[in-house]
$ cat my_file.txt   # compact mmCIF, C-alpha atoms and all ligand atoms
# COMPACT_ATOMS: atom_id res chain seq x y z
CA MET A 1 18.56 11.84 -19.86
CA LYS A 2 16.63 8.74 -20.94
CA PRO A 3 13.06 8.62 -19.54
CA ILE A 4 12.59 5.82 -16.97
CA GLN A 5 10.70 2.98 -18.62
CA LYS A 6 7.81 1.59 -16.57
CA ILE A 7 8.00 -2.24 -16.28
CA LYS A 8 4.94 -3.70 -17.97
CA GLY A 9 3.03 -6.18 -15.78
CA THR A 10 2.41 -9.72 -17.10
CA LYS A 11 -1.08 -11.08 -17.73
CA THR A 12 -2.75 -14.45 -18.35
CA SER A 13 -2.06 -15.56 -21.93
CA SER A 14 -2.82 -18.62 -24.07
CA PHE A 15 0.86 -19.60 -23.94
CA GLY A 16 1.33 -19.05 -20.18
CA SER A 17 3.62 -16.40 -18.72
CA PRO A 18 7.29 -17.23 -18.15
CA GLY A 19 7.48 -14.82 -15.20
CA ARG A 20 4.95 -12.95 -13.07
CA ILE A 21 5.46 -9.27 -12.34
CA GLY A 22 2.43 -7.26 -11.16
CA HIS A 23 0.47 -10.09 -12.81
CA ASP A 24 -3.05 -9.33 -14.09
CA SER A 25 -4.96 -12.61 -13.72
CA SER A 26 -8.47 -11.13 -14.11
CA LYS A 27 -8.95 -13.01 -17.41
CA PHE A 28 -8.36 -16.34 -15.62
CA TYR A 29 -10.54 -15.55 -12.57
CA ASN A 30 -13.35 -14.27 -14.81
CA SER A 31 -13.36 -17.50 -16.85
CA ARG A 32 -16.23 -20.00 -16.49
CA LEU A 33 -13.98 -22.30 -14.44
CA TYR A 34 -14.51 -19.94 -11.51
CA GLU A 35 -18.28 -19.60 -11.98
CA GLY A 36 -19.92 -19.98 -8.56
CA VAL A 37 -16.62 -19.92 -6.65
CA GLN A 38 -16.11 -16.16 -6.55
CA VAL A 39 -14.98 -14.86 -3.19
CA SER A 40 -16.33 -11.61 -1.77
CA GLN A 41 -13.67 -8.88 -1.90
CA GLN A 42 -15.41 -6.87 0.82
CA VAL A 43 -15.19 -8.57 4.20
CA LYS A 44 -15.45 -6.95 7.58
CA TYR A 45 -12.40 -7.91 9.63
CA ILE A 46 -13.51 -9.22 13.04
CA GLU A 47 -11.10 -10.13 15.83
CA ASN A 48 -12.41 -10.66 19.36
CA HIS A 49 -10.32 -10.72 22.51
CA VAL A 50 -9.64 -13.99 24.37
CA ASP A 51 -9.50 -13.52 28.12
CA SER A 52 -6.00 -14.28 29.44
CA SER A 53 -7.48 -16.83 31.87
CA LYS A 54 -8.46 -18.99 28.86
CA LEU A 55 -5.12 -18.69 27.05
CA ASP A 56 -2.04 -20.94 27.11
CA LYS A 57 -4.02 -23.92 28.34
CA VAL A 58 -4.81 -27.46 27.25
CA TYR A 59 -8.42 -28.47 27.85
CA CYS A 60 -9.14 -32.12 28.58
CA LYS A 61 -12.36 -32.54 26.60
CA SER A 62 -13.66 -33.09 23.08
CA SER A 63 -13.04 -30.18 20.73
CA GLU A 64 -16.49 -30.75 19.20
CA SER A 65 -17.44 -27.94 21.58
CA MET A 66 -14.87 -25.22 22.28
CA ASN A 67 -17.25 -23.07 24.29
CA GLU A 68 -14.33 -21.55 26.25
CA LEU A 69 -13.44 -19.58 23.13
CA PRO A 70 -15.31 -16.59 21.68
CA ASP A 71 -16.25 -16.38 17.99
CA ASN A 72 -13.60 -14.82 15.72
CA SER A 73 -10.70 -14.95 18.16
CA ILE A 74 -8.10 -17.52 16.95
CA HIS A 75 -5.52 -16.78 14.25
CA LEU A 76 -4.33 -20.25 13.23
CA MET A 77 -5.33 -23.88 13.71
CA VAL A 78 -2.65 -26.53 13.20
CA THR A 79 -3.69 -30.12 13.76
CA SER A 80 -3.35 -33.75 12.89
CA PRO A 81 -6.67 -35.53 13.52
CA PRO A 82 -6.96 -39.03 14.98
CA TYR A 83 -6.61 -41.50 12.10
CA ASN A 84 -9.27 -43.93 13.21
CA VAL A 85 -6.91 -46.80 12.45
CA THR A 86 -7.22 -48.64 15.77
CA LYS A 87 -4.47 -46.70 17.55
CA GLU A 88 -5.04 -46.73 21.32
CA TYR A 89 -7.07 -43.48 21.23
CA ASP A 90 -9.08 -44.33 18.10
CA GLN A 91 -12.76 -45.23 18.34
CA ASN A 92 -13.19 -47.59 15.33
CA LEU A 93 -15.71 -45.29 13.63
CA SER A 94 -17.19 -45.95 10.19
CA LEU A 95 -15.94 -43.63 7.47
CA ARG A 96 -19.22 -41.65 7.68
CA GLU A 97 -19.00 -41.34 11.49
CA TYR A 98 -15.32 -40.38 11.25
CA ARG A 99 -16.02 -37.63 8.70
CA ASP A 100 -18.89 -36.36 10.85
CA LEU A 101 -16.64 -36.14 13.94
CA LEU A 102 -14.01 -34.13 12.04
CA LYS A 103 -16.74 -31.95 10.54
CA ARG A 104 -18.12 -31.08 13.99
CA VAL A 105 -14.63 -30.09 15.19
CA PHE A 106 -13.81 -28.06 12.05
CA ASN A 107 -17.21 -26.32 12.22
CA GLU A 108 -16.26 -25.16 15.72
CA THR A 109 -12.84 -24.16 14.37
CA TYR A 110 -14.55 -22.05 11.69
CA ARG A 111 -16.59 -20.28 14.38
CA VAL A 112 -13.54 -19.39 16.49
CA LEU A 113 -11.19 -18.28 13.68
CA VAL A 114 -10.76 -14.55 13.01
CA THR A 115 -11.58 -13.23 9.56
CA GLY A 116 -8.71 -14.44 7.36
CA GLY A 117 -7.67 -16.97 10.05
CA ARG A 118 -5.98 -20.11 8.71
CA ALA A 119 -6.63 -23.83 9.30
CA CYS A 120 -3.88 -26.38 8.50
CA ILE A 121 -4.63 -30.12 8.61
CA ASN A 122 -1.92 -32.76 8.48
CA ILE A 123 -3.32 -36.03 7.14
CA ALA A 124 -2.08 -39.23 5.52
CA ASN A 125 -4.16 -41.47 3.29
CA LEU A 126 -4.91 -45.05 4.28
CA GLY A 127 -5.14 -48.59 2.96
CA ARG A 128 -4.60 -50.04 -0.50
CA LYS A 129 -7.56 -52.31 -1.20
CA PRO A 130 -8.88 -49.77 -2.06
CA TYR A 131 -6.90 -46.66 -1.14
CA LEU A 132 -8.89 -44.26 1.12
CA PRO A 133 -8.11 -40.68 0.05
CA LEU A 134 -8.93 -39.06 3.43
CA HIS A 135 -7.35 -35.81 2.24
CA SER A 136 -9.87 -35.46 -0.56
CA TYR A 137 -12.82 -36.18 1.80
CA ILE A 138 -11.52 -33.52 4.18
CA ILE A 139 -11.17 -30.98 1.35
CA GLU A 140 -14.79 -31.70 0.38
CA ASP A 141 -16.03 -31.35 3.98
CA MET A 142 -14.02 -28.19 4.70
CA SER A 143 -15.41 -26.54 1.55
CA GLU A 144 -18.94 -27.50 2.66
CA ILE A 145 -18.33 -25.81 6.03
CA GLY A 146 -17.39 -22.64 4.11
CA PHE A 147 -13.58 -22.66 4.30
CA LEU A 148 -11.62 -21.29 1.33
CA MET A 149 -8.79 -23.55 0.22
CA ARG A 150 -5.37 -21.89 -0.10
CA GLY A 151 -3.40 -24.92 -1.27
CA GLU A 152 -1.83 -28.15 -0.17
CA ILE A 153 1.68 -29.02 0.94
CA ILE A 154 3.20 -32.40 0.28
CA TRP A 155 5.27 -33.33 3.30
CA ASN A 156 8.05 -35.50 1.94
CA LYS A 157 9.15 -37.67 4.86
CA ALA A 158 11.86 -39.11 2.61
CA SER A 159 14.23 -41.53 4.32
CA SER A 160 12.46 -41.21 7.69
CA ALA A 161 9.25 -42.76 6.26
CA SER A 162 8.71 -46.26 7.65
CA PRO A 163 10.61 -48.69 5.42
CA SER A 164 7.48 -50.54 4.26
CA THR A 165 8.11 -53.73 2.31
CA ALA A 166 4.43 -54.09 1.37
CA TRP A 167 5.22 -53.58 -2.33
CA GLY A 168 2.77 -56.21 -3.56
CA SER A 169 4.12 -58.26 -6.44
CA TRP A 170 7.95 -58.04 -6.23
CA LEU A 171 9.52 -57.06 -9.59
CA SER A 172 6.28 -57.90 -11.37
CA ALA A 173 3.54 -55.83 -12.99
CA ALA A 174 0.96 -58.28 -11.56
CA ASN A 175 0.16 -55.99 -8.58
CA PRO A 176 2.94 -53.56 -7.60
CA VAL A 177 1.80 -51.42 -4.65
CA LEU A 178 2.77 -47.80 -3.95
CA ARG A 179 4.57 -47.17 -0.65
CA ASP A 180 3.70 -43.67 0.59
CA ILE A 181 6.62 -41.57 1.77
CA HIS A 182 4.48 -38.43 2.00
CA GLU A 183 1.64 -36.90 3.99
CA TYR A 184 -0.51 -33.86 3.23
CA ILE A 185 -0.86 -30.51 4.93
CA LEU A 186 -4.11 -28.99 3.68
CA ILE A 187 -4.38 -25.22 4.05
CA PHE A 188 -7.67 -23.30 4.37
CA CYS A 189 -8.81 -19.89 5.52
CA LYS A 190 -11.99 -18.21 6.70
CA GLU A 191 -13.78 -15.61 4.53
CA SER A 192 -10.66 -13.83 3.29
CA PHE A 193 -7.24 -14.84 1.96
CA SER A 194 -5.49 -11.96 3.72
CA ARG A 195 -5.09 -11.13 7.37
CA ASP A 196 -5.31 -7.70 8.88
CA GLY A 197 -1.58 -7.18 9.57
CA ILE A 198 -1.66 -3.57 10.73
CA ALA A 199 0.74 -3.00 13.65
CA LYS A 200 1.75 -6.67 13.73
CA SER A 201 5.14 -8.18 13.00
CA SER A 202 6.09 -11.39 11.23
CA SER A 203 9.03 -13.59 12.13
CA LEU A 204 10.20 -14.90 8.76
CA THR A 205 13.61 -14.35 7.23
CA ARG A 206 13.94 -13.91 3.45
CA ASP A 207 15.32 -17.45 3.04
CA GLU A 208 12.56 -18.95 5.18
CA PHE A 209 9.91 -17.15 3.11
CA LEU A 210 11.41 -18.42 -0.16
CA GLU A 211 11.56 -22.00 1.18
CA LEU A 212 8.22 -22.16 3.03
CA THR A 213 6.15 -20.82 0.15
CA LYS A 214 7.13 -23.91 -1.91
CA SER A 215 4.48 -26.66 -1.99
CA VAL A 216 6.83 -29.56 -1.14
CA TRP A 217 8.42 -29.64 2.30
CA THR A 218 11.10 -32.18 3.18
CA PHE A 219 11.93 -32.99 6.79
CA PRO A 220 12.01 -36.19 8.84
CA ALA A 221 9.21 -37.66 10.96
CA VAL A 222 9.75 -38.09 14.69
CA SER A 223 9.83 -41.33 16.67
CA ALA A 224 6.62 -42.03 18.61
CA ARG A 225 8.60 -43.73 21.38
CA SER A 226 10.85 -40.71 21.98
CA ILE A 227 7.81 -38.46 22.57
CA GLY A 228 5.55 -40.95 24.38
CA HIS A 229 2.54 -40.55 22.02
CA PRO A 230 1.54 -43.03 19.26
CA ALA A 231 1.39 -40.41 16.47
CA PRO A 232 3.21 -37.14 17.13
CA PHE A 233 4.24 -34.88 14.29
CA PRO A 234 7.72 -33.32 14.35
CA GLU A 235 8.04 -29.79 15.74
CA GLU A 236 9.25 -28.66 12.32
CA LEU A 237 5.69 -29.01 10.99
CA PRO A 238 3.85 -26.52 13.27
CA ASN A 239 7.00 -24.38 13.42
CA ARG A 240 6.90 -23.75 9.66
CA LEU A 241 3.14 -23.10 9.61
CA ILE A 242 3.28 -20.73 12.58
CA LYS A 243 6.11 -18.74 10.98
CA LEU A 244 4.44 -18.57 7.59
CA TYR A 245 0.84 -17.86 8.62
CA THR A 246 0.92 -15.86 11.88
CA PHE A 247 2.21 -12.69 13.42
CA LYS A 248 4.01 -12.44 16.76
CA GLY A 249 1.61 -12.64 19.70
CA ASP A 250 -1.12 -14.46 17.69
CA ILE A 251 -3.15 -17.36 19.13
CA ILE A 252 -2.61 -20.90 17.83
CA LEU A 253 -5.17 -23.68 18.34
CA ASP A 254 -4.70 -27.44 18.13
CA PRO A 255 -8.07 -29.21 18.64
CA PHE A 256 -6.40 -32.68 18.58
CA CYS A 257 -3.37 -31.69 20.57
CA GLY A 258 -1.88 -35.11 21.53
CA SER A 259 1.57 -34.64 23.03
CA GLY A 260 1.34 -30.85 22.58
CA THR A 261 3.85 -30.35 19.75
CA THR A 262 1.85 -27.40 18.34
CA CYS A 263 1.65 -25.73 21.79
CA LEU A 264 5.38 -26.12 22.32
CA SER A 265 6.16 -24.64 18.94
CA ALA A 266 3.77 -21.72 19.59
CA ILE A 267 5.64 -20.86 22.81
CA LYS A 268 9.03 -21.09 21.08
CA ASN A 269 7.79 -18.68 18.40
CA GLY A 270 6.37 -16.12 20.87
CA ARG A 271 2.72 -17.01 20.18
CA HIS A 272 -0.10 -18.08 22.53
CA TYR A 273 -1.56 -21.59 22.41
CA ILE A 274 -4.81 -23.42 23.15
CA GLY A 275 -5.05 -27.20 22.95
CA TYR A 276 -7.77 -29.84 23.33
CA ASP A 277 -7.42 -33.58 23.89
CA VAL A 278 -9.88 -36.12 25.25
CA ASP A 279 -7.18 -38.20 26.91
CA GLU A 280 -5.91 -36.99 30.27
CA LYS A 281 -2.57 -38.75 29.88
CA TYR A 282 -1.79 -36.73 26.73
CA VAL A 283 -2.87 -33.49 28.40
CA ASN A 284 -0.44 -34.33 31.22
CA LEU A 285 2.27 -35.15 28.70
CA THR A 286 1.75 -31.78 26.97
CA ASN A 287 1.96 -29.90 30.26
CA LYS A 288 5.10 -31.84 31.19
CA ARG A 289 6.80 -31.02 27.85
CA ILE A 290 5.88 -27.34 28.20
CA LEU A 291 7.10 -27.14 31.81
CA SER A 292 10.35 -28.85 30.94
CA PHE A 293 10.95 -26.41 28.06
CA THR A 294 10.17 -23.30 30.09
CA ALA A 295 12.34 -24.50 33.00
CA GLN A 296 15.20 -25.21 30.58
CA SER A 297 14.91 -21.86 28.85
CA GLU A 298 15.02 -20.08 32.24
CA LEU A 299 18.19 -22.03 33.05
CA PHE A 300 19.59 -21.09 29.65
CA ASP A 301 18.82 -17.41 30.22
CA ASN A 302 20.55 -17.52 33.62
CA LYS A 303 23.54 -19.26 32.09
CA LEU A 304 23.82 -16.53 29.46
CA THR A 305 23.96 -13.86 32.14
CA LEU A 306 26.65 -15.81 34.00
CA VAL A 307 28.73 -16.27 30.86
CA LYS A 308 28.48 -12.62 29.87
CA GLU A 309 30.17 -11.26 33.00
CA PRO A 310 33.67 -12.84 32.80
CA THR A 311 33.83 -12.19 29.00
CA LYS A 312 33.21 -8.51 29.61
CA ARG A 313 35.90 -8.27 32.33
CA TYR A 314 38.46 -10.08 30.16
CA ARG A 315 37.95 -7.65 27.28
CA THR A 316 38.29 -4.61 29.54
CA THR A 317 41.61 -5.85 30.97
CA LYS A 318 43.07 -6.50 27.52
CA THR A 319 42.11 -3.06 26.24
CA LYS A 320 43.77 -1.46 29.24
CA ALA A 321 46.95 -3.48 28.68
CA LYS A 322 47.14 -2.32 25.06
CA LYS A 323 46.64 1.28 26.06
CA LYS A 324 49.54 1.03 28.53
CA LYS A 325 51.94 -0.19 25.82
CA ARG A 326 51.25 2.83 23.67
C1 LIG A 401 -2.87 -37.82 15.71
S1 LIG A 401 -3.00 -37.43 17.41
C2 LIG A 401 -2.28 -35.80 17.49
C3 LIG A 401 -0.79 -35.85 17.70
C4 LIG A 401 -0.17 -34.48 17.86
N1 LIG A 401 -0.10 -33.77 16.61
C5 LIG A 401 1.24 -34.60 18.46
O1 LIG A 401 2.21 -34.05 17.87
O2 LIG A 401 1.39 -35.26 19.49
C6 LIG A 401 -4.71 -37.13 17.64
C7 LIG A 401 -5.12 -36.85 19.09
O3 LIG A 401 -6.52 -36.51 19.08
C8 LIG A 401 -7.08 -36.90 20.33
N2 LIG A 401 -8.55 -36.91 20.14
C9 LIG A 401 -9.33 -37.87 19.59
N3 LIG A 401 -10.62 -37.48 19.56
C10 LIG A 401 -10.67 -36.22 20.09
C11 LIG A 401 -11.71 -35.26 20.29
N4 LIG A 401 -12.97 -35.52 19.96
N5 LIG A 401 -11.38 -34.06 20.85
C12 LIG A 401 -10.10 -33.78 21.21
N6 LIG A 401 -9.07 -34.66 21.03
C13 LIG A 401 -9.35 -35.85 20.47
C14 LIG A 401 -6.41 -38.23 20.63
O4 LIG A 401 -6.44 -38.52 22.00
C15 LIG A 401 -4.98 -38.01 20.07
O5 LIG A 401 -4.09 -37.65 21.12
$ encode --input "my_file.txt" --output "structure tokens"
Amino acid sequence: MKPIQKIKGTKTSSFGSPGRIGHDSSKFYNSRLYEGVQVSQQVKYIENHVDSSKLDKVYCKSSESMNELPDNSIHLMVTSPPYNVTKEYDQNLSLREYRDLLKRVFNETYRVLVTGGRACINIANLGRKPYLPLHSYIIEDMSEIGFLMRGEIIWNKASSASPSTAWGSWLSAANPVLRDIHEYILIFCKESFSRDGIAKSSSLTRDEFLELTKSVWTFPAVSARSIGHPAPFPEELPNRLIKLYTFKGDIILDPFCGSGTTCLSAIKNGRHYIGYDVDEKYVNLTNKRILSFTAQSELFDNKLTLVKEPTKRYRTTKTKAKKKKR
């Protein structure tokens, strides 16, 4: 009998590796590029309990202080911050003031995340004269807070992106202007890249895992009018992040919760939620959306029980009839 050959793992080489099996990347991570950015391998995993009276709630206040929540207790933050572009809830802050506001909220987020907890920020860049790369400012500020960056997802809004005709000089190289059909989802984590997953279960299928680990996601935006908020994101966005980055029963936080899309998606995925918004009308909207979903799902459950009964009886009768014939 031929001896079983052990598959040799790949490793970083000058010509790149065509595939990656049990890949040894120590040469790359020990290179000078990573000087000063080494991450401690030995972290103590801390996860504190959140009292049930504080869970599954939307707080009407600024998330600059989330003093309802203990340190190290939240598993995932998904949010889309206010854009400061004169929408009805925006405060017309200077760029410095705007960055400081986000930094105060994300500092609080850092405090409440468990070890290995993830923070996902959906953001679009603004303006053209010049272009304001908000995503790169946020990456800088999150790194300063101490977050580790895991990557960035390009959300390709494709045909649902607003059909802007602000293309500058039409058919001329004089000043053609880019029309963004994408937004960013920036992904960070606290202290460790991995989560303590002992005795916890995920809810991803094989196909979902293969699709969601790609760095470009394509799905349409949602109409502001249909939701009743000036800038909602589609449910698909938190849904994907919750599936990819959390276990069943985990706690999801949205510190700029708006119409409550993240909270709704958390419930649908069997996770807990906590939201914050300064505007009472959006807190009411969130609660209304949640109530309407839970009422509907109760109706749906009842309907299922009603439908089951006659189907069962029908099958029994048929089987009996067949038996008689024989
Ligand atoms: C871009 S919207 C979020 C939309 C949300 N993703 C949705 O799907 O509806 C940002 C929200 O942040 C809220 N907001 C602004 N400043 C805040 C603060 N300091 N604390 C909490 N919420 C704030 C605004 O009222 C607004 O509803």
$ residues_near_ligand --input "my_file.txt" --ligand "ligand LIG 401 (chain A)" --cutoff "7 Å" --atoms "only C-alpha atoms and all ligand atoms" --output "list in words"
Lys61, Ser62, Ser63, Glu64, Thr79, Ser80, Pro81, Pro82, Tyr83, Tyr89, Asp90, His229, Ala231, Pro232, Phe233, Pro234, Pro255, Phe256, Cys257, Gly258, Ser259, Gly260, Thr261, Thr262, Tyr276, Asp277, Val278, Asp279 and Tyr282 of chain A
$ atom_distance --input "my_file.txt" --atom1 "atom CA of Asn30 of chain A" --atom2 "atom CA of Ile154 of chain A"
28.8 Å
$ residues_around --input "my_file.txt" --residues "segment 143-152 of chain A" --least-positions-apart "2" --cutoff "6 Å" --atoms "all atoms listed in the file" --output "PyMOL selection string"
chain A and resi 140-141+185-190
$ closest_residue --input "my_file.txt" --among "A:Ile242, A:Phe28, A:Ser160, A:Ile138" --to "Ser223 of chain A" --atoms "only C-alpha atoms"
A:Ser160
$ closest_residue --input "my_file.txt" --among "A:Arg240, A:Glu68, A:Gly168, A:Gln296" --to "Ser52 of chain A" --atoms "all atoms listed in the file"
A:Glu68
$ atom_distance --input "my_file.txt" --atom1 "atom CA of Val216 of chain A" --atom2 "atom CA of Ser194 of chain A"
22.0 Å
$ closest_residue --input "my_file.txt" --among "A:Phe209, A:Phe193, A:Tyr273, A:Tyr110" --to "Val39 of chain A" --atoms "only C-alpha atoms"
A:Phe193
$ build_atoms --input "my_file.txt" --residues "segment 68-93 of chain A" --atoms "N, CA and C atoms" --output "JSON list (two decimals), in the frame of the given file"
[["chain", "number", "residue", "atom", "x", "y", "z"],
["A", 68, "GLU", "N", -15.20, -22.47, 25.50],
["A", 68, "GLU", "CA", -14.33, -21.55, 26.25],
["A", 68, "GLU", "C", -13.93, -20.37, 25.37],
["A", 69, "LEU", "N", -14.01, -20.57, 24.06],
["A", 69, "LEU", "CA", -13.44, -19.58, 23.13],
["A", 69, "LEU", "C", -14.53, -18.75, 22.44],
["A", 70, "PRO", "N", -14.34, -17.43, 22.39],
["A", 70, "PRO", "CA", -15.31, -16.59, 21.68],
["A", 70, "PRO", "C", -15.23, -16.78, 20.17],
["A", 71, "ASP", "N", -16.27, -16.39, 19.46],
["A", 71, "ASP", "CA", -16.25, -16.38, 17.99],
["A", 71, "ASP", "C", -15.10, -15.47, 17.53],
["A", 72, "ASN", "N", -14.59, -15.71, 16.36],
["A", 72, "ASN", "CA", -13.60, -14.82, 15.72],
["A", 72, "ASN", "C", -12.45, -14.38, 16.64],
["A", 73, "SER", "N", -11.74, -15.35, 17.21],
["A", 73, "SER", "CA", -10.70, -14.95, 18.16],
["A", 73, "SER", "C", -9.36, -15.66, 17.95],
["A", 74, "ILE", "N", -9.32, -16.71, 17.11],
["A", 74, "ILE", "CA", -8.10, -17.52, 16.95],
["A", 74, "ILE", "C", -7.50, -17.24, 15.57],
["A", 75, "HIS", "N", -6.15, -17.16, 15.52],
["A", 75, "HIS", "CA", -5.52, -16.78, 14.25],
["A", 75, "HIS", "C", -5.13, -17.96, 13.38],
["A", 76, "LEU", "N", -4.78, -19.09, 14.01],
["A", 76, "LEU", "CA", -4.33, -20.25, 13.23],
["A", 76, "LEU", "C", -4.68, -21.54, 13.94],
["A", 77, "MET", "N", -5.20, -22.52, 13.17],
["A", 77, "MET", "CA", -5.33, -23.88, 13.71],
["A", 77, "MET", "C", -4.31, -24.75, 13.00],
["A", 78, "VAL", "N", -3.54, -25.51, 13.77],
["A", 78, "VAL", "CA", -2.65, -26.53, 13.20],
["A", 78, "VAL", "C", -3.01, -27.83, 13.88],
["A", 79, "THR", "N", -3.32, -28.87, 13.10],
["A", 79, "THR", "CA", -3.69, -30.12, 13.76],
["A", 79, "THR", "C", -3.44, -31.33, 12.89],
["A", 80, "SER", "N", -3.40, -32.48, 13.57],
["A", 80, "SER", "CA", -3.35, -33.75, 12.89],
["A", 80, "SER", "C", -4.44, -34.59, 13.56],
["A", 81, "PRO", "N", -5.55, -34.85, 12.86],
["A", 81, "PRO", "CA", -6.67, -35.53, 13.52],
["A", 81, "PRO", "C", -6.36, -36.99, 13.83],
["A", 82, "PRO", "N", -7.14, -37.59, 14.75],
["A", 82, "PRO", "CA", -6.96, -39.03, 14.98],
["A", 82, "PRO", "C", -7.22, -39.75, 13.67],
["A", 83, "TYR", "N", -6.50, -40.83, 13.41],
["A", 83, "TYR", "CA", -6.61, -41.50, 12.10],
["A", 83, "TYR", "C", -7.68, -42.56, 12.02],
["A", 84, "ASN", "N", -8.23, -42.91, 13.21],
["A", 84, "ASN", "CA", -9.27, -43.93, 13.21],
["A", 84, "ASN", "C", -8.76, -45.25, 12.62],
["A", 85, "VAL", "N", -7.51, -45.58, 13.00],
["A", 85, "VAL", "CA", -6.91, -46.80, 12.45],
["A", 85, "VAL", "C", -6.54, -47.76, 13.58],
["A", 86, "THR", "N", -7.39, -47.77, 14.60],
["A", 86, "THR", "CA", -7.22, -48.64, 15.77],
["A", 86, "THR", "C", -5.95, -48.36, 16.58],
["A", 87, "LYS", "N", -5.50, -47.07, 16.58],
["A", 87, "LYS", "CA", -4.47, -46.70, 17.55],
["A", 87, "LYS", "C", -5.17, -46.65, 18.89],
["A", 88, "GLU", "N", -4.40, -46.57, 20.01],
["A", 88, "GLU", "CA", -5.04, -46.73, 21.32],
["A", 88, "GLU", "C", -6.14, -45.70, 21.58],
["A", 89, "TYR", "N", -6.04, -44.48, 20.96],
["A", 89, "TYR", "CA", -7.07, -43.48, 21.23],
["A", 89, "TYR", "C", -8.18, -43.48, 20.18],
["A", 90, "ASP", "N", -8.08, -44.34, 19.17],
["A", 90, "ASP", "CA", -9.08, -44.33, 18.10],
["A", 90, "ASP", "C", -10.34, -45.09, 18.52],
["A", 91, "GLN", "N", -11.48, -44.68, 17.89],
["A", 91, "GLN", "CA", -12.76, -45.23, 18.34],
["A", 91, "GLN", "C", -13.37, -46.26, 17.39],
["A", 92, "ASN", "N", -12.67, -46.65, 16.33],
["A", 92, "ASN", "CA", -13.19, -47.59, 15.33],
["A", 92, "ASN", "C", -14.51, -47.11, 14.75],
["A", 93, "LEU", "N", -14.50, -45.88, 14.23],
["A", 93, "LEU", "CA", -15.71, -45.29, 13.63],
["A", 93, "LEU", "C", -15.81, -45.72, 12.18]]
